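S.K.: What follows is model01.cif, mmCIF, C-alpha atoms and all ligand atoms.
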```cif
data_query
#
loop_
_atom_site.label_atom_id
_atom_site.label_comp_id
_atom_site.auth_asym_id
_atom_site.auth_seq_id
_atom_site.Cartn_x
_atom_site.Cartn_y
_atom_site.Cartn_z
CA MET A 21 26.31 4.91 -15.77
CA SER A 22 23.03 3.05 -16.24
CA TYR A 23 19.88 3.91 -14.32
CA ASP A 24 19.65 2.18 -10.93
CA ASN A 25 16.04 1.19 -10.25
CA ASP A 26 16.80 1.10 -6.54
CA ASN A 27 18.05 4.69 -6.22
CA ILE A 28 16.35 6.51 -3.34
CA PHE A 29 14.08 8.67 -5.52
CA ALA A 30 12.89 5.61 -7.47
CA LYS A 31 12.01 4.05 -4.10
CA ILE A 32 10.19 7.21 -2.99
CA LEU A 33 8.25 7.23 -6.30
CA ARG A 34 7.19 3.62 -5.65
CA ALA A 35 6.35 4.54 -2.03
CA GLU A 36 8.93 1.99 -0.84
CA ALA A 37 10.82 4.74 1.03
CA PRO A 38 9.29 7.53 3.10
CA ALA A 39 9.21 11.17 2.07
CA PHE A 40 7.30 14.30 3.04
CA ARG A 41 5.27 14.59 -0.15
CA VAL A 42 3.77 17.91 -1.18
CA TYR A 43 2.42 17.51 -4.72
CA GLU A 44 1.86 14.85 -7.32
CA THR A 45 0.69 14.75 -10.92
CA ASP A 46 0.65 12.00 -13.55
CA GLY A 47 4.15 13.10 -14.58
CA ALA A 48 5.94 14.24 -11.43
CA LEU A 49 6.21 14.05 -7.65
CA ALA A 50 7.39 16.77 -5.25
CA PHE A 51 8.68 16.16 -1.72
CA MET A 52 10.88 17.81 0.90
CA ASP A 53 14.65 17.44 0.61
CA LEU A 54 15.84 15.35 3.58
CA MET A 55 18.96 17.52 4.01
CA PRO A 56 17.69 20.97 3.11
CA GLN A 57 20.18 23.68 2.24
CA VAL A 58 17.58 26.29 3.20
CA PRO A 59 14.22 25.94 4.98
CA GLY A 60 11.60 24.90 2.43
CA HIS A 61 14.07 23.13 0.08
CA THR A 62 11.81 20.97 -2.08
CA LEU A 63 12.56 18.46 -4.84
CA VAL A 64 10.52 17.69 -7.95
CA VAL A 65 11.21 14.40 -9.75
CA PRO A 66 9.81 13.11 -13.04
CA LYS A 67 7.98 9.79 -13.05
CA ASP A 68 10.49 8.35 -15.48
CA ALA A 69 13.50 6.09 -15.03
CA ALA A 70 15.89 8.84 -16.08
CA GLU A 71 19.27 9.48 -14.57
CA ASN A 72 19.61 13.08 -15.71
CA LEU A 73 18.00 15.84 -17.78
CA PHE A 74 19.18 14.39 -21.06
CA ASP A 75 17.45 11.03 -20.48
CA VAL A 76 13.96 12.22 -19.54
CA ASP A 77 11.07 11.54 -21.89
CA PRO A 78 10.18 15.01 -23.34
CA ASP A 79 6.48 14.80 -22.42
CA ILE A 80 7.32 13.80 -18.84
CA LEU A 81 9.94 16.55 -18.68
CA ALA A 82 7.31 19.07 -19.78
CA ALA A 83 4.96 17.80 -17.05
CA THR A 84 7.80 17.99 -14.54
CA ILE A 85 8.70 21.61 -15.29
CA LEU A 86 5.01 22.53 -14.97
CA ALA A 87 5.04 20.85 -11.55
CA VAL A 88 8.21 22.82 -10.71
CA GLN A 89 6.42 26.06 -11.61
CA THR A 90 3.38 25.15 -9.48
CA VAL A 91 5.36 23.96 -6.46
CA ALA A 92 7.84 26.86 -6.64
CA GLY A 93 4.90 29.27 -6.48
CA ALA A 94 3.58 27.49 -3.41
CA VAL A 95 7.02 27.42 -1.74
CA LYS A 96 7.41 31.16 -2.42
CA GLN A 97 4.02 31.86 -0.85
CA ALA A 98 4.46 29.46 2.08
CA PHE A 99 7.86 30.88 3.07
CA GLU A 100 7.15 34.47 2.00
CA ALA A 101 10.39 34.23 0.04
CA PRO A 102 11.45 37.23 -2.04
CA GLY A 103 13.45 34.93 -4.30
CA ILE A 104 13.24 31.32 -5.48
CA MET A 105 16.21 29.44 -6.86
CA ILE A 106 15.75 26.41 -9.13
CA ALA A 107 18.78 24.11 -9.47
CA GLN A 108 19.23 20.94 -11.49
CA LEU A 109 22.53 19.04 -11.45
CA ASN A 110 23.67 16.57 -14.12
CA GLY A 111 26.58 14.22 -13.44
CA PRO A 112 29.00 13.91 -10.52
CA ALA A 113 31.14 16.74 -11.91
CA ALA A 114 28.13 19.04 -11.52
CA GLY A 115 27.56 17.80 -7.96
CA GLN A 116 24.73 15.33 -8.67
CA THR A 117 24.52 12.78 -5.88
CA VAL A 118 21.19 11.02 -6.57
CA PHE A 119 20.99 9.63 -10.07
CA HIS A 120 17.32 10.14 -10.80
CA THR A 121 16.62 13.49 -12.51
CA HIS A 122 15.36 16.14 -10.10
CA PHE A 123 14.86 19.85 -9.70
CA HIS A 124 15.72 21.67 -6.48
CA ILE A 125 13.40 24.49 -5.38
CA MET A 126 15.02 26.74 -2.78
CA PRO A 127 13.56 29.86 -1.16
CA ARG A 128 16.18 32.65 -1.06
CA PHE A 129 16.45 35.61 1.27
CA GLU A 130 19.01 38.43 1.29
CA GLY A 131 21.76 37.43 3.72
CA LEU A 132 20.53 33.85 4.32
CA GLU A 133 23.38 31.56 3.29
CA PHE A 134 23.02 27.99 2.05
CA LYS A 135 23.94 25.03 4.20
CA LEU A 136 26.31 22.54 2.58
CA HIS A 137 24.81 20.29 -0.10
CA ALA A 138 23.27 17.01 1.16
CA ARG A 139 25.02 17.01 4.55
CA GLU A 140 22.68 17.54 7.51
CA VAL A 141 19.45 15.56 7.92
CA GLU A 142 16.63 17.83 9.09
CA ASP A 143 14.38 16.95 11.98
CA ALA A 144 11.31 15.01 10.74
CA ALA A 145 8.92 17.31 12.61
CA VAL A 146 10.41 20.34 10.85
CA LEU A 147 10.13 18.69 7.43
CA ALA A 148 6.54 17.64 8.17
CA SER A 149 5.63 21.16 9.18
CA HIS A 150 7.29 22.67 6.11
CA ALA A 151 5.47 20.17 3.86
CA ARG A 152 2.16 21.15 5.50
CA ARG A 153 2.87 24.85 4.87
CA ILE A 154 3.61 24.20 1.20
CA ARG A 155 0.60 21.89 0.72
CA ALA A 156 -1.64 24.61 2.18
CA CYS A 157 -0.60 26.82 -0.76
CA LEU A 158 -1.36 24.15 -3.39
CA PRO A 159 -4.61 22.75 -4.79
CA PRO A 160 -5.92 19.88 -2.62
CA GLN A 161 -4.32 16.54 -3.48
CA PRO A 162 -5.56 12.99 -2.91
CA PRO A 163 -4.15 11.44 0.28
CA ALA A 164 -0.60 10.04 -0.03
CA PRO A 165 -0.39 6.22 -0.36
P1 LIG B 201 21.76 16.17 -6.11
O1 LIG B 201 23.05 16.26 -5.37
O2 LIG B 201 21.68 14.84 -6.79
O3 LIG B 201 21.45 17.32 -7.01
O4 LIG B 201 20.63 16.25 -5.01
C1 LIG B 201 20.20 15.18 -4.27
C2 LIG B 201 19.38 15.76 -3.14
O5 LIG B 201 18.66 14.70 -2.56
C3 LIG B 201 20.21 16.42 -2.05
O6 LIG B 201 19.79 17.76 -1.87
C4 LIG B 201 19.94 15.55 -0.83
O7 LIG B 201 19.86 16.31 0.35
C5 LIG B 201 18.63 14.89 -1.17
N1 LIG B 201 18.45 13.57 -0.60
C6 LIG B 201 19.40 12.58 -0.48
N2 LIG B 201 18.83 11.48 0.06
C7 LIG B 201 17.53 11.77 0.27
C8 LIG B 201 16.44 11.01 0.80
O8 LIG B 201 16.56 9.85 1.21
N3 LIG B 201 15.22 11.63 0.86
C9 LIG B 201 15.04 12.91 0.42
N4 LIG B 201 13.81 13.44 0.53
N5 LIG B 201 16.05 13.67 -0.07
C10 LIG B 201 17.28 13.09 -0.16
#
```
Is it possible to express this structure as structure tokens?
Ligand code: 5GP
M.R.:
Amino acid sequence: MSYDNDNIFAKILRAEAPAFRVYETDGALAFMDLMPQVPGHTLVVPKDAAENLFDVDPDILAATILAVQTVAGAVKQAFEAPGIMIAQLNGPAAGQTVFHTHFHIMPRFEGLEFKLHAREVEDAAVLASHARRIRACLPPQPPAP
């Protein structure tokens, strides 16, 4: 499969589609998952036209994993989560549904089960409030475009 410049994450990166953004660096952007499997489910995407992990420019991948570390720390603090799960799916057989590389950050609690993957769109007000909570645990960022 070749990279589709009009996939939803490419559009979010170009600010052509809306997203509840939480963090941005030169190499990566983080925003709330539209269909969270747990409250606080956040995505981090590299600023590179890369379909999966194997295609990402190594320097951008390094910047992306640093963003994952920073945002995961903020998600952990914002949701007072005892555990944080990082997931990254490559190819339809692994369950990948959006073909722009991304990392999932999911707060985990004993006994709190996941919702099904990419099924139920969360209320915008909930996503906005979760994004605010996470941003409050991150260094200040310039206003979103
Ligand atoms: P994948 O299955 O590729 O690992 O994950 C794709 C993720 O993107 C899913 O968790 C899904 O809920 C999320 N997603 C799908 N469409 C959108 C969208 O338009 N906006 C946002 N923020 N997340 C999306």
S.K.: Write out as CSV a residue-level contact list of chain A versus ligand LIG 201 (chain B) with cut-off 6 Å: for each qualifying residue the closest pair of atoms and the distance in Å to one decimal, counting all atoms listed in the file, rows sorted by chain and residue number upward.
M.R.:
```
residue,atom,partner,partner_atom,distance
A:Ile28,CA,B:LIG201,O8,5.6
A:Ala39,CA,B:LIG201,N4,5.4
A:Met52,CA,B:LIG201,N4,5.3
A:Asp53,CA,B:LIG201,N5,4.1
A:Leu54,CA,B:LIG201,N5,4.0
A:Met55,CA,B:LIG201,O7,4.0
A:Pro56,CA,B:LIG201,O7,5.8
A:Leu109,CA,B:LIG201,O3,4.9
A:Gly115,CA,B:LIG201,O1,5.4
A:Gln116,CA,B:LIG201,O2,3.6
A:Thr117,CA,B:LIG201,O2,3.6
A:Val118,CA,B:LIG201,O2,3.9
A:His137,CA,B:LIG201,O6,5.9
A:Ala138,CA,B:LIG201,O7,3.6
```
S.K.: Which residue out of A:Ile154, A:Leu33, A:Met105, A:Ala48 has the minimum interatomic distance to Leu86 of chain A when all atoms listed in the file are used?
M.R.: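 Counting all atoms listed in the file, the residue closest to Leu86 of chain A is A:Ala48.
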S.K.: List the neighbours of Gly111 of chain A out to 12 Å using all atoms listed in the file; skip same-chain residues closer than 3 positions along the sequence, and give me the result as a tab-separated table (two decimals) with C-alpha atoms, in the coordinates of the input.
M.R.:
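Output file out-v4.tsv is given in full below:
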```tsv
chain	number	residue	atom	x	y	z
A	21	MET	CA	26.31	4.91	-15.77
A	71	GLU	CA	19.27	9.48	-14.57
A	72	ASN	CA	19.61	13.08	-15.71
A	73	LEU	CA	18.00	15.84	-17.78
A	74	PHE	CA	19.18	14.39	-21.06
A	75	ASP	CA	17.45	11.03	-20.48
A	108	GLN	CA	19.23	20.94	-11.49
A	114	ALA	CA	28.13	19.04	-11.52
A	115	GLY	CA	27.56	17.80	-7.96
A	116	GLN	CA	24.73	15.33	-8.67
A	117	THR	CA	24.52	12.78	-5.88
A	118	VAL	CA	21.19	11.02	-6.57
A	119	PHE	CA	20.99	9.63	-10.07
A	120	HIS	CA	17.32	10.14	-10.80
A	121	THR	CA	16.62	13.49	-12.51
A	122	HIS	CA	15.36	16.14	-10.10
```
S.K.: Quick one: pull the distance between atom CA of Gln89 of chain A and atom CA of Leu63 of chain A, Å, one decimal.
M.R.: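 So the answer is 11.9 Å.
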S.K.: So the first atom is atom CA of Met126 of chain A and the second is atom CA of Ser22 of chain A; what is the distance between them in Å, to one decimal place?
M.R.: 28.4 Å
S.K.: Please compute the atom CA of Asp143 of chain A-atom CA of Gln161 of chain A distance, one decimal, in Å.
M.R.: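 Between these atoms lies a distance of 24.3 Å.
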S.K.: Ranking A:Glu142, A:Glu36, A:Asp68, A:Glu44 by minimum distance to Val91 of chain A and counting only C-alpha atoms, which one comes first?
M.R.: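 Counting only C-alpha atoms, the residue closest to Val91 of chain A is A:Glu44.
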S.K.: Quick one: of A:Ala156, A:Ala148, A:Ala30, A:Val64, who's nearest to Ala50 of chain A, counting all atoms listed in the file?
M.R.: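 Using all atoms listed in the file, Ala50 of chain A sits closest to A:Val64.
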S.K.: Choose the residue, out of A:Gln57, A:Ala98, A:Asp46, A:Gly131, that has the smallest atom-to-atom separation from Asp79 of chain A; count only C-alpha atoms.
M.R.: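 Checking each candidate against Asp79 of chain A, we get A:Asp46 as the closest.
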S.K.: Around (6.7, 18.3, -14.8) in the file's frame, which residues reach within 9 Å when counting all atoms listed in the file? Return as a PyMOL selection string?
M.R.: chain A and resi 45-49+64-67+79-89
S.K.: So which residues touch Ala101 of chain A within 7 Å, counting all atoms listed in the file, skipping near sequence neighbours fewer than 3 positions away, as a ChimeraX atom specification?
M.R.: /A:96-97,104,127-129
S.K.: For the residues in that selection, give me C-alpha atoms as a CSV table (one decimal), keeping the file's coordinate frame.
M.R.:
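Okay, out.csv is ready:
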```
chain,number,residue,atom,x,y,z
A,96,LYS,CA,7.4,31.2,-2.4
A,97,GLN,CA,4.0,31.9,-0.8
A,104,ILE,CA,13.2,31.3,-5.5
A,127,PRO,CA,13.6,29.9,-1.2
A,128,ARG,CA,16.2,32.6,-1.1
A,129,PHE,CA,16.4,35.6,1.3
```
S.K.: Show me the residues close to (0.3, 22.5, 4.3) - anything with an atom within 12 Å, counting all atoms listed in the file - and format the list as a ChimeraX atom specification.
M.R.: /A:40-43,60,91,94-95,97-99,147-161
S.K.: Which of these residues is nearest to His124 of chain A, using all atoms listed in the file: A:Ala92, A:Glu100, A:Val141, A:Tyr23?
M.R.: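 Using all atoms listed in the file, the shortest distance to His124 of chain A belongs to A:Ala92.
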S.K.: Using all atoms listed in the file, pick whichever of A:Ala37, A:Asp24, A:Pro78, A:Leu132 has the shortest atom-to-atom distance to Gly103 of chain A.
M.R.: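 The closest residue to Gly103 of chain A is A:Leu132.
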